[in-house]
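Text of work.cif, listed as mmCIF, C-alpha atoms:
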data_upload
#
loop_
_atom_site.group_PDB
_atom_site.id
_atom_site.type_symbol
_atom_site.label_atom_id
_atom_site.label_comp_id
_atom_site.auth_asym_id
_atom_site.auth_seq_id
_atom_site.Cartn_x
_atom_site.Cartn_y
_atom_site.Cartn_z
ATOM 1 C CA MET A 1 -11.709 12.291 -17.642
ATOM 2 C CA ASP A 2 -8.717 14.195 -16.285
ATOM 3 C CA THR A 3 -5.033 13.416 -16.096
ATOM 4 C CA ALA A 4 -3.119 13.710 -12.843
ATOM 5 C CA THR A 5 -0.344 15.950 -11.662
ATOM 6 C CA PRO A 6 0.557 15.920 -7.959
ATOM 7 C CA ALA A 7 -1.634 18.242 -5.905
ATOM 8 C CA GLU A 8 -2.272 18.722 -2.219
ATOM 9 C CA ALA A 9 -4.608 16.632 -0.084
ATOM 10 C CA LEU A 10 -6.409 17.568 3.068
ATOM 11 C CA THR A 11 -4.600 16.002 6.020
ATOM 12 C CA GLN A 12 -5.877 14.783 9.347
ATOM 13 C CA GLU A 13 -4.484 13.019 12.382
ATOM 14 C CA ILE A 14 -6.838 10.459 13.874
ATOM 15 C CA LEU A 15 -6.490 8.548 17.122
ATOM 16 C CA VAL A 16 -6.032 4.786 17.103
ATOM 17 C CA ARG A 17 -6.848 3.110 20.399
ATOM 18 C CA LEU A 18 -4.302 0.509 21.455
ATOM 19 C CA GLY A 19 -5.545 -0.946 24.717
ATOM 20 C CA ASP A 20 -5.059 1.698 27.399
ATOM 21 C CA ARG A 21 -3.305 4.203 25.153
ATOM 22 C CA TYR A 22 -3.780 6.035 21.895
ATOM 23 C CA ALA A 23 -1.520 6.626 18.912
ATOM 24 C CA THR A 24 -1.937 9.191 16.137
ATOM 25 C CA MET A 25 -2.287 8.082 12.530
ATOM 26 C CA PHE A 26 -1.665 10.593 9.744
ATOM 27 C CA VAL A 27 -4.152 10.441 6.864
ATOM 28 C CA ARG A 28 -4.277 12.179 3.485
ATOM 29 C CA ILE A 29 -7.794 12.765 2.200
ATOM 30 C CA TRP A 30 -8.544 13.645 -1.412
ATOM 31 C CA ARG A 31 -12.093 15.015 -1.744
ATOM 32 C CA PRO A 32 -13.734 15.566 -5.141
ATOM 33 C CA SER A 33 -15.649 18.769 -5.785
ATOM 34 C CA GLY A 34 -19.049 17.066 -5.929
ATOM 35 C CA THR A 35 -20.670 14.057 -4.325
ATOM 36 C CA PRO A 36 -18.133 11.185 -4.408
ATOM 37 C CA ARG A 37 -18.797 8.249 -6.712
ATOM 38 C CA ALA A 38 -17.315 5.978 -4.025
ATOM 39 C CA THR A 39 -14.520 5.921 -1.428
ATOM 40 C CA VAL A 40 -11.134 4.396 -2.222
ATOM 41 C CA PHE A 41 -8.790 3.371 0.610
ATOM 42 C CA CYS A 42 -5.117 3.016 -0.386
ATOM 43 C CA LEU A 43 -2.780 0.877 1.753
ATOM 44 C CA HIS A 44 0.961 1.217 1.170
ATOM 45 C CA GLY A 45 3.747 -1.352 1.227
ATOM 46 C CA PHE A 46 5.776 -2.292 4.316
ATOM 47 C CA THR A 47 8.356 0.507 4.016
ATOM 48 C CA GLY A 48 6.019 2.995 2.354
ATOM 49 C CA ASN A 49 3.456 5.562 3.413
ATOM 50 C CA GLY A 50 0.300 7.168 2.116
ATOM 51 C CA ALA A 51 2.209 9.658 -0.040
ATOM 52 C CA ASP A 52 3.122 6.758 -2.341
ATOM 53 C CA PHE A 53 -0.392 7.169 -3.770
ATOM 54 C CA ASP A 54 -0.271 10.943 -4.376
ATOM 55 C CA TYR A 55 -0.293 10.601 -8.158
ATOM 56 C CA LEU A 56 -3.037 7.984 -8.283
ATOM 57 C CA ALA A 57 -5.119 9.706 -5.606
ATOM 58 C CA THR A 58 -5.007 12.999 -7.507
ATOM 59 C CA PHE A 59 -6.184 11.240 -10.650
ATOM 60 C CA LEU A 60 -9.003 9.327 -8.965
ATOM 61 C CA CYS A 61 -10.147 12.409 -7.052
ATOM 62 C CA ARG A 62 -10.381 14.420 -10.253
ATOM 63 C CA ASN A 63 -12.518 11.648 -11.640
ATOM 64 C CA GLY A 64 -14.998 11.780 -8.770
ATOM 65 C CA PHE A 65 -13.651 9.458 -6.057
ATOM 66 C CA LEU A 66 -12.972 10.254 -2.410
ATOM 67 C CA VAL A 67 -9.512 8.797 -1.762
ATOM 68 C CA VAL A 68 -8.109 8.034 1.701
ATOM 69 C CA CYS A 69 -4.373 7.334 2.076
ATOM 70 C CA PRO A 70 -3.142 6.619 5.624
ATOM 71 C CA ASP A 71 0.388 6.342 6.935
ATOM 72 C CA LEU A 72 -0.142 3.155 8.936
ATOM 73 C CA LEU A 73 1.379 3.262 12.415
ATOM 74 C CA GLY A 74 5.157 3.165 12.328
ATOM 75 C CA ARG A 75 5.332 4.778 8.896
ATOM 76 C CA GLY A 76 5.623 8.259 7.462
ATOM 77 C CA ARG A 77 4.156 10.930 9.755
ATOM 78 C CA SER A 78 2.220 8.553 11.994
ATOM 79 C CA ALA A 79 3.268 7.634 15.525
ATOM 80 C CA TYR A 80 6.177 5.239 16.019
ATOM 81 C CA LEU A 81 5.369 2.659 18.692
ATOM 82 C CA GLY A 82 8.873 1.287 19.212
ATOM 83 C CA SER A 83 7.547 -2.292 19.538
ATOM 84 C CA GLY A 84 4.452 -4.438 19.319
ATOM 85 C CA TYR A 85 3.715 -4.152 15.620
ATOM 86 C CA ASP A 86 1.383 -6.993 14.691
ATOM 87 C CA MET A 87 -1.836 -7.693 12.831
ATOM 88 C CA ASN A 88 -3.863 -6.557 15.831
ATOM 89 C CA VAL A 89 -2.291 -3.094 15.615
ATOM 90 C CA TYR A 90 -2.846 -2.818 11.875
ATOM 91 C CA SER A 91 -6.410 -4.039 12.223
ATOM 92 C CA LYS A 92 -7.061 -1.206 14.676
ATOM 93 C CA CYS A 93 -5.597 1.212 12.125
ATOM 94 C CA LEU A 94 -8.022 0.025 9.470
ATOM 95 C CA ARG A 95 -10.956 0.102 11.857
ATOM 96 C CA ALA A 96 -10.131 3.713 12.686
ATOM 97 C CA LEU A 97 -10.439 4.588 8.996
ATOM 98 C CA GLY A 98 -14.096 3.600 9.158
ATOM 99 C CA GLU A 99 -15.044 7.231 9.757
ATOM 100 C CA PHE A 100 -14.251 7.906 6.092
ATOM 101 C CA ALA A 101 -16.299 5.001 4.733
ATOM 102 C CA GLY A 102 -19.091 5.716 2.281
ATOM 103 C CA THR A 103 -21.948 3.650 0.913
ATOM 104 C CA GLU A 104 -19.565 2.031 -1.579
ATOM 105 C CA ASN A 105 -15.949 1.347 -0.633
ATOM 106 C CA HIS A 106 -13.005 0.163 -2.708
ATOM 107 C CA PHE A 107 -9.518 -0.826 -1.528
ATOM 108 C CA ILE A 108 -6.080 -0.732 -3.138
ATOM 109 C CA GLY A 109 -3.241 -2.555 -1.387
ATOM 110 C CA THR A 110 0.367 -2.560 -2.557
ATOM 111 C CA SER A 111 2.471 -5.577 -1.557
ATOM 112 C CA TRP A 112 2.319 -5.872 2.263
ATOM 113 C CA GLY A 113 -0.603 -3.447 2.329
ATOM 114 C CA GLY A 114 -2.633 -5.921 0.289
ATOM 115 C CA THR A 115 -1.713 -8.720 2.698
ATOM 116 C CA ILE A 116 -2.905 -6.654 5.661
ATOM 117 C CA LEU A 117 -6.089 -5.820 3.773
ATOM 118 C CA LEU A 118 -6.989 -9.453 3.016
ATOM 119 C CA LEU A 119 -6.355 -10.559 6.601
ATOM 120 C CA PHE A 120 -8.420 -7.641 7.915
ATOM 121 C CA LEU A 121 -11.368 -8.429 5.643
ATOM 122 C CA GLN A 122 -11.240 -12.070 6.719
ATOM 123 C CA MET A 123 -11.064 -11.199 10.424
ATOM 124 C CA THR A 124 -13.773 -8.544 10.462
ATOM 125 C CA ARG A 125 -16.078 -9.617 7.616
ATOM 126 C CA SER A 126 -15.928 -6.010 6.458
ATOM 127 C CA LYS A 127 -17.527 -5.271 3.109
ATOM 128 C CA ALA A 128 -15.647 -4.140 0.021
ATOM 129 C CA ALA A 129 -17.021 -3.477 -3.445
ATOM 130 C CA ARG A 130 -13.777 -3.756 -5.413
ATOM 131 C CA ILE A 131 -10.234 -4.651 -4.395
ATOM 132 C CA ILE A 132 -6.970 -4.065 -6.231
ATOM 133 C CA LEU A 133 -3.999 -6.140 -5.052
ATOM 134 C CA ASN A 134 -0.813 -4.618 -6.440
ATOM 135 C CA ASP A 135 2.090 -7.102 -6.504
ATOM 136 C CA VAL A 136 0.832 -8.774 -3.353
ATOM 137 C CA PRO A 137 2.821 -11.893 -2.329
ATOM 138 C CA MET A 138 -0.083 -14.323 -1.996
ATOM 139 C CA ILE A 139 2.120 -17.323 -1.150
ATOM 140 C CA GLY A 140 4.894 -17.411 1.456
ATOM 141 C CA GLY A 141 8.273 -18.854 0.599
ATOM 142 C CA PRO A 142 11.986 -18.156 0.113
ATOM 143 C CA ASN A 143 11.378 -15.042 -2.002
ATOM 144 C CA ILE A 144 9.361 -13.477 0.797
ATOM 145 C CA ASP A 145 12.025 -14.360 3.367
ATOM 146 C CA ALA A 146 14.642 -12.717 1.134
ATOM 147 C CA MET A 147 12.510 -9.573 0.883
ATOM 148 C CA ARG A 148 12.239 -9.437 4.672
ATOM 149 C CA ASP A 149 16.008 -9.779 4.988
ATOM 150 C CA GLU A 150 16.517 -6.784 2.704
ATOM 151 C CA VAL A 151 14.042 -4.665 4.667
ATOM 152 C CA LEU A 152 15.687 -5.696 7.939
ATOM 153 C CA LYS A 153 19.077 -4.486 6.686
ATOM 154 C CA GLU A 154 17.624 -1.269 5.313
ATOM 155 C CA SER A 155 15.676 -0.422 8.455
ATOM 156 C CA THR A 156 18.832 0.383 10.425
ATOM 157 C CA LEU A 157 20.410 2.715 7.862
ATOM 158 C CA ALA A 158 21.296 6.288 8.767
ATOM 159 C CA PHE A 159 22.486 9.057 6.443
ATOM 160 C CA GLU A 160 24.549 12.115 7.309
ATOM 161 C CA THR A 161 22.688 14.319 4.835
ATOM 162 C CA ARG A 162 19.312 14.373 3.113
ATOM 163 C CA ALA A 163 21.115 14.258 -0.227
ATOM 164 C CA MET A 164 22.744 10.943 0.741
ATOM 165 C CA ALA A 165 19.336 9.515 1.651
ATOM 166 C CA LYS A 166 17.915 10.706 -1.669
ATOM 167 C CA ASP A 167 20.811 9.114 -3.547
ATOM 168 C CA TYR A 168 20.170 5.819 -1.764
ATOM 169 C CA LEU A 169 16.471 5.856 -2.618
ATOM 170 C CA SER A 170 17.146 6.849 -6.222
ATOM 171 C CA ALA A 171 19.486 3.872 -6.595
ATOM 172 C CA THR A 172 17.407 1.244 -4.783
ATOM 173 C CA ARG A 173 14.005 2.289 -6.156
ATOM 174 C CA ALA A 174 15.090 2.240 -9.792
ATOM 175 C CA VAL A 175 13.007 -0.957 -10.098
ATOM 176 C CA MET A 176 9.916 1.269 -9.994
ATOM 177 C CA GLY A 177 10.256 1.877 -13.713
ATOM 178 C CA PRO A 178 10.050 5.166 -15.639
ATOM 179 C CA ILE A 179 8.332 7.938 -13.653
ATOM 180 C CA GLU A 180 8.229 11.681 -14.263
ATOM 181 C CA ASP A 181 10.942 13.467 -12.285
ATOM 182 C CA THR A 182 8.501 15.666 -10.367
ATOM 183 C CA VAL A 183 6.477 12.646 -9.293
ATOM 184 C CA PHE A 184 9.545 10.615 -8.293
ATOM 185 C CA ASN A 185 11.086 13.536 -6.375
ATOM 186 C CA ARG A 186 7.875 13.932 -4.396
ATOM 187 C CA TYR A 187 7.911 10.218 -3.623
ATOM 188 C CA VAL A 188 11.526 10.385 -2.434
ATOM 189 C CA GLU A 189 10.945 13.421 -0.205
ATOM 190 C CA ASN A 190 8.172 11.590 1.627
ATOM 191 C CA ARG A 191 10.381 8.533 2.151
ATOM 192 C CA ILE A 192 12.968 10.457 4.236
ATOM 193 C CA ALA A 193 12.691 11.491 7.877
ATOM 194 C CA THR A 194 14.969 13.229 10.347
ATOM 195 C CA GLY A 195 16.593 10.813 12.795
ATOM 196 C CA PRO A 196 18.892 10.954 15.832
ATOM 197 C CA ARG A 197 21.935 10.375 13.603
ATOM 198 C CA GLY A 198 20.951 12.650 10.744
ATOM 199 C CA PHE A 199 18.426 11.208 8.312
ATOM 200 C CA ARG A 200 16.734 7.836 7.990
ATOM 201 C CA LEU A 201 14.049 6.173 5.931
ATOM 202 C CA ALA A 202 10.554 7.108 7.059
ATOM 203 C CA TYR A 203 9.546 3.982 8.949
ATOM 204 C CA ASP A 204 10.184 2.664 12.441
ATOM 205 C CA PRO A 205 12.983 0.034 12.514
ATOM 206 C CA ALA A 206 10.925 -1.750 15.178
ATOM 207 C CA THR A 207 8.326 -2.685 12.547
ATOM 208 C CA THR A 208 10.666 -5.543 11.608
ATOM 209 C CA GLY A 209 10.622 -6.928 15.151
ATOM 210 C CA ASN A 210 8.712 -10.122 14.293
ATOM 211 C CA PHE A 211 10.652 -10.972 11.142
ATOM 212 C CA GLY A 212 12.600 -13.734 12.876
ATOM 213 C CA ALA A 213 9.414 -15.529 13.884
ATOM 214 C CA LEU A 214 8.044 -15.225 10.347
ATOM 215 C CA ALA A 215 11.100 -16.686 8.600
ATOM 216 C CA GLY A 216 10.272 -19.915 6.835
ATOM 217 C CA ARG A 217 6.599 -19.665 7.692
ATOM 218 C CA GLU A 218 4.308 -20.734 4.886
ATOM 219 C CA TYR A 219 1.008 -19.023 4.151
ATOM 220 C CA ASP A 220 -1.551 -18.927 1.349
ATOM 221 C CA LEU A 221 -3.859 -15.942 0.827
ATOM 222 C CA PHE A 222 -5.661 -17.353 -2.207
ATOM 223 C CA PRO A 223 -8.384 -19.153 -0.181
ATOM 224 C CA ILE A 224 -9.124 -15.838 1.554
ATOM 225 C CA ALA A 225 -9.326 -13.965 -1.732
ATOM 226 C CA ALA A 226 -11.563 -16.649 -3.229
ATOM 227 C CA LYS A 227 -14.127 -16.224 -0.454
ATOM 228 C CA ILE A 228 -14.271 -12.423 -0.371
ATOM 229 C CA ASP A 229 -17.502 -11.076 -1.841
ATOM 230 C CA ALA A 230 -15.907 -8.350 -3.952
ATOM 231 C CA ARG A 231 -14.524 -7.908 -7.432
ATOM 232 C CA ILE A 232 -10.754 -8.388 -7.277
ATOM 233 C CA LEU A 233 -7.988 -7.262 -9.629
ATOM 234 C CA LEU A 234 -4.510 -8.744 -9.274
ATOM 235 C CA MET A 235 -1.759 -6.499 -10.686
ATOM 236 C CA TYR A 236 1.824 -7.634 -11.252
ATOM 237 C CA GLY A 237 4.781 -6.150 -13.043
ATOM 238 C CA ARG A 238 6.446 -7.976 -15.903
ATOM 239 C CA GLY A 239 9.354 -9.028 -13.696
ATOM 240 C CA SER A 240 7.430 -9.730 -10.495
ATOM 241 C CA GLN A 241 9.153 -12.108 -8.095
ATOM 242 C CA VAL A 242 5.948 -12.989 -6.236
ATOM 243 C CA ILE A 243 3.393 -13.859 -8.915
ATOM 244 C CA GLU A 244 2.041 -17.417 -8.772
ATOM 245 C CA ARG A 245 0.421 -17.874 -12.183
ATOM 246 C CA GLN A 246 -0.554 -21.551 -11.827
ATOM 247 C CA ILE A 247 -2.254 -20.976 -8.485
ATOM 248 C CA ILE A 248 -3.996 -17.891 -9.860
ATOM 249 C CA GLU A 249 -5.414 -19.946 -12.719
ATOM 250 C CA ARG A 250 -6.648 -22.617 -10.279
ATOM 251 C CA THR A 251 -8.259 -19.924 -8.146
ATOM 252 C CA ARG A 252 -9.984 -18.494 -11.198
ATOM 253 C CA LEU A 253 -11.770 -21.811 -11.706
ATOM 254 C CA ALA A 254 -13.646 -21.069 -8.486
ATOM 255 C CA ARG A 255 -13.637 -17.312 -9.041
ATOM 256 C CA PRO A 256 -13.905 -16.681 -12.806
ATOM 257 C CA ASP A 257 -14.520 -12.998 -12.026
ATOM 258 C CA LEU A 258 -10.967 -12.652 -10.664
ATOM 259 C CA TRP A 259 -9.208 -10.107 -12.882
ATOM 260 C CA LEU A 260 -5.501 -10.417 -13.646
ATOM 261 C CA VAL A 261 -3.070 -7.984 -15.278
ATOM 262 C CA ASP A 262 0.363 -9.571 -15.097
ATOM 263 C CA ASN A 263 2.558 -7.951 -17.711
ATOM 264 C CA ILE A 264 2.795 -4.336 -16.564
ATOM 265 C CA ASP A 265 6.023 -2.609 -17.598
ATOM 266 C CA ALA A 266 6.117 -0.418 -14.519
ATOM 267 C CA GLY A 267 8.548 -1.847 -12.003
ATOM 268 C CA GLU A 268 8.320 -4.105 -8.966
ATOM 269 C CA PRO A 269 5.822 -3.433 -7.563
ATOM 270 C CA PRO A 270 4.060 -1.338 -10.198
ATOM 271 C CA SER A 271 4.480 2.245 -9.002
ATOM 272 C CA LEU A 272 0.887 3.401 -9.701
ATOM 273 C CA MET A 273 2.542 6.668 -10.714
ATOM 274 C CA THR A 274 1.927 6.722 -14.463
ATOM 275 C CA LEU A 275 -1.128 7.584 -16.524
ATOM 276 C CA ASP A 276 -1.538 4.121 -18.049
ATOM 277 C CA GLN A 277 -1.696 2.511 -14.609
ATOM 278 C CA ALA A 278 -4.089 5.174 -13.333
ATOM 279 C CA LEU A 279 -6.370 4.587 -16.321
ATOM 280 C CA LEU A 280 -6.292 0.823 -15.718
ATOM 281 C CA ILE A 281 -7.365 1.317 -12.102
ATOM 282 C CA LEU A 282 -10.025 3.859 -13.014
ATOM 283 C CA GLY A 283 -11.431 1.452 -15.576
ATOM 284 C CA PHE A 284 -11.647 -1.371 -13.044
ATOM 285 C CA LEU A 285 -13.286 0.806 -10.398
ATOM 286 C CA SER A 286 -15.766 2.229 -12.903
ATOM 287 C CA ALA A 287 -16.714 -0.930 -14.808
ATOM 288 C CA ALA A 288 -20.347 -1.980 -14.685
#
Please express what this file holds, its structure, as C-alpha cells.
Amino acid sequence: MDTATPAEALTQEILVRLGDRYATMFVRIWRPSGTPRATVFCLHGFTGNGADFDYLATFLCRNGFLVVCPDLLGRGRSAYLGSGYDMNVYSKCLRALGEFAGTENHFIGTSWGGTILLLFLQMTRSKAARIILNDVPMIGGPNIDAMRDEVLKESTLAFETRAMAKDYLSATRAVMGPIEDTVFNRYVENRIATGPRGFRLAYDPATTGNFGALAGREYDLFPIAAKIDARILLMYGRGSQVIERQIIERTRLARPDLWLVDNIDAGEPPSLMTLDQALLILGFLSAA
C-alpha cells in the first residue's frame, strides 16, 4: 500500500451531446501501471471540479484503481453553457463517461455530486458495485436553501488579482480542516479562473439559474439509496449540517449493509485530502 502525494493525471476532453450541439467536458484519468482492480468515478460538489480529487485519485491509482475525475459541464476546464443547467445535462455528462467504465465500477460523490449520482442511477438503472456519498444532503430543507443562497452570492464574485481570489478561498474553505499546504495550494489553484473582470471562481454563474425554483422544495434521497443494488458508504464530518442520523438509522433497518462514518474530523464536507480519509475509502472499496 502506498501513500499519496499529488501527481499528474492524463487529461482528455470528451464531447457531450446536448440535442443538436456538443459541449466539451474535461476529464482527468489516473491509470495504474498494471491491470486496474476496478474503475472509480469521482463526482465533485456544486462549485468544485475534478481536481478536488487529485490527492485521493493519486492514492487510489497507486493502489491499483483506474480513477476518472471529470469537470462536469459549467465547472473547471469544461465548457460553460451560459444557461440550461439541469439534471438532463448532468445525466448526459455521466453517460459520456461510460467510455471509461470497466467490468467493476465504483462511484464517489461529494455533496451535490452525490445527489446527481443517485438521481442518475435511479433514472438509468446503471450498475454500481460500491458507492461513497461524502456529506451528501439526502433531505431537502432550510439548511439546503441556505447553502444555495451562499453559492448564489459567491457565483457573481470577481477579483482584481489572483492573490485576492486565493485569499478569499483560503478564508472561506477553512472548514475543510487541516490539509498539507502543497495539497491545499493545488486545490486553490484549480478553483480560480480568468474572467472578464480579472479573476473569478472556476464555475459558471449560470449554474445557479434554477435556484429560485428549488427554494423550499422538499426531497428525500433515502428511498433511492435503499433500492440501489450496491454497497453504500455514507461519510459525514463531525460538524456536518446535513446529516440526518434518525433517518439513516431507519434506512438501515431495510438496508443493514449501509455503512456510516459520521464523526470524521476533516471539515465540511470531508476534504478527502488526508491519508486517514484515503485509507478509509481504500478499505471500503477493497473489502470482501
Determine the residue membership of the PyMOL selection byres ((chain A and resi 218) around 7) for the file above and supply it as a PDB file with C-alpha atoms, keeping the file's coordinate frame.
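Here's the written file result-v6.pdb:
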ATOM      1  CA  GLY A 140       4.894 -17.411   1.456  1.00  0.00           C
ATOM      2  CA  GLY A 141       8.273 -18.854   0.599  1.00  0.00           C
ATOM      3  CA  GLY A 216      10.272 -19.915   6.835  1.00  0.00           C
ATOM      4  CA  ARG A 217       6.599 -19.665   7.692  1.00  0.00           C
ATOM      5  CA  TYR A 219       1.008 -19.023   4.151  1.00  0.00           C
TER       6      TYR A 219
END
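Taking all atoms listed in the file into account, Leu121 of chain A lies nearest to A:Ser91 out of the set A:Thr47, A:Ser91, A:Gly76, A:Ala288.
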Written as a tab-separated table (two decimals) with C-alpha atoms, in the frame of the given file, what is the full residue list that the PyMOL selection byres ((chain A and resi 207) around 9) yields on the file shown?
chain	number	residue	atom	x	y	z
A	46	PHE	CA	5.78	-2.29	4.32
A	74	GLY	CA	5.16	3.16	12.33
A	75	ARG	CA	5.33	4.78	8.90
A	80	TYR	CA	6.18	5.24	16.02
A	81	LEU	CA	5.37	2.66	18.69
A	82	GLY	CA	8.87	1.29	19.21
A	83	SER	CA	7.55	-2.29	19.54
A	84	GLY	CA	4.45	-4.44	19.32
A	85	TYR	CA	3.72	-4.15	15.62
A	86	ASP	CA	1.38	-6.99	14.69
A	155	SER	CA	15.68	-0.42	8.46
A	203	TYR	CA	9.55	3.98	8.95
A	204	ASP	CA	10.18	2.66	12.44
A	205	PRO	CA	12.98	0.03	12.51
A	206	ALA	CA	10.92	-1.75	15.18
A	208	THR	CA	10.67	-5.54	11.61
A	209	GLY	CA	10.62	-6.93	15.15
A	210	ASN	CA	8.71	-10.12	14.29
A	211	PHE	CA	10.65	-10.97	11.14
Might you pull out every residue within 8 Å of Asp220 of chain A, with all atoms listed in the file counted and same-chain residues fewer than 3 positions away left off, and present them as a CSV table (one decimal) with C-alpha atoms, in the frame of the given file?
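around20.csv, freshly written:
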chain,number,residue,atom,x,y,z
A,138,MET,CA,-0.1,-14.3,-2.0
A,139,ILE,CA,2.1,-17.3,-1.2
A,140,GLY,CA,4.9,-17.4,1.5
A,223,PRO,CA,-8.4,-19.2,-0.2
- Message: With all atoms listed in the file as the counted atoms, please give the residues lying no more than 7 Å from segment 231-234 of chain A, apart from itself and same-chain residues fewer than 6 positions off, as a count of residues only.
- Response: 11
- What residues come out when you apply the PyMOL selection byres ((chain A and resi 39-44) around 9) to this file, written as a ChimeraX atom specification? /A:36-38,45-53,57,60,65-72,97,100-114,116-117
- What is the distance between atom CA of Thr11 of chain A and atom CA of Leu118 of chain A, in Å to one decimal?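 We find that atom CA of Thr11 of chain A and atom CA of Leu118 of chain A lie 25.7 Å from each other.
The two atoms in question, atom CA of Thr182 of chain A and atom CA of Gly283 of chain A, are spaced 25.0 Å apart.
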- Message: Ranking A:Met164, A:Ala79, A:Met176, A:Met235 by minimum distance to Leu15 of chain A and counting all atoms listed in the file, which one comes first?
- Response: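 When distances to Leu15 of chain A are compared using all atoms listed in the file, the smallest one comes from A:Ala79.
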- Computed interatomic separation between atom CA of Ala171 of chain A and atom CA of Asp265 of chain A (Å):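 For atom CA of Ala171 of chain A relative to atom CA of Asp265 of chain A, the distance reads 18.6 Å.
Closest approach to Ala226 of chain A among A:Leu253, A:Leu169, A:Leu214, A:Cys93: A:Leu253, based on only C-alpha atoms.
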- In terms of the shortest atom-to-atom distance over all atoms listed in the file, which of A:Arg186, A:Arg125, A:Arg252, A:Lys153 is closest to Glu8 of chain A? A:Arg186
With N, CA and C atoms retained, output segment 253-270 of chain A as a short mmCIF file (atom, residue, chain, number, x, y, z; two decimals), in the first residue's frame.
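Result went into part.cif, see below:
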data_model
loop_
_atom_site.label_atom_id
_atom_site.label_comp_id
_atom_site.auth_asym_id
_atom_site.auth_seq_id
_atom_site.Cartn_x
_atom_site.Cartn_y
_atom_site.Cartn_z
N LEU A 253 -32.53 -0.20 8.74
CA LEU A 253 -33.38 -1.35 9.06
C LEU A 253 -33.70 -2.13 7.79
N ALA A 254 -33.91 -1.39 6.69
CA ALA A 254 -34.16 -2.04 5.40
C ALA A 254 -32.87 -2.40 4.68
N ARG A 255 -31.82 -1.62 4.95
CA ARG A 255 -30.53 -1.86 4.32
C ARG A 255 -29.45 -1.96 5.39
N PRO A 256 -29.38 -3.10 6.10
CA PRO A 256 -28.38 -3.24 7.18
C PRO A 256 -26.95 -3.17 6.68
N ASP A 257 -26.76 -3.31 5.35
CA ASP A 257 -25.41 -3.23 4.79
C ASP A 257 -25.00 -1.79 4.47
N LEU A 258 -25.82 -0.82 4.85
CA LEU A 258 -25.49 0.59 4.64
C LEU A 258 -24.43 1.01 5.65
N TRP A 259 -23.26 1.40 5.16
CA TRP A 259 -22.16 1.79 6.04
C TRP A 259 -22.27 3.27 6.37
N LEU A 260 -21.89 3.62 7.60
CA LEU A 260 -21.92 5.02 8.02
C LEU A 260 -20.67 5.36 8.81
N VAL A 261 -19.99 6.43 8.41
CA VAL A 261 -18.91 7.02 9.19
C VAL A 261 -19.29 8.48 9.38
N ASP A 262 -19.62 8.86 10.60
CA ASP A 262 -20.24 10.18 10.81
C ASP A 262 -19.52 11.05 11.81
N ASN A 263 -18.27 10.77 12.08
CA ASN A 263 -17.56 11.57 13.07
C ASN A 263 -16.16 11.92 12.58
N ILE A 264 -16.06 12.23 11.28
CA ILE A 264 -14.76 12.50 10.68
C ILE A 264 -14.32 13.92 11.01
N ASP A 265 -13.13 14.06 11.55
CA ASP A 265 -12.59 15.38 11.89
C ASP A 265 -11.82 15.90 10.69
N ALA A 266 -12.56 16.28 9.65
CA ALA A 266 -11.90 16.64 8.39
C ALA A 266 -12.66 17.70 7.61
N GLY A 267 -13.46 18.50 8.30
CA GLY A 267 -14.13 19.60 7.63
C GLY A 267 -15.51 19.25 7.12
N GLU A 268 -16.12 20.25 6.46
CA GLU A 268 -17.47 20.13 5.91
C GLU A 268 -17.47 20.61 4.46
N PRO A 269 -17.60 19.73 3.50
CA PRO A 269 -17.58 18.28 3.63
C PRO A 269 -16.17 17.77 3.86
N PRO A 270 -16.01 16.52 4.32
CA PRO A 270 -14.66 15.98 4.43
C PRO A 270 -13.89 16.18 3.13
#
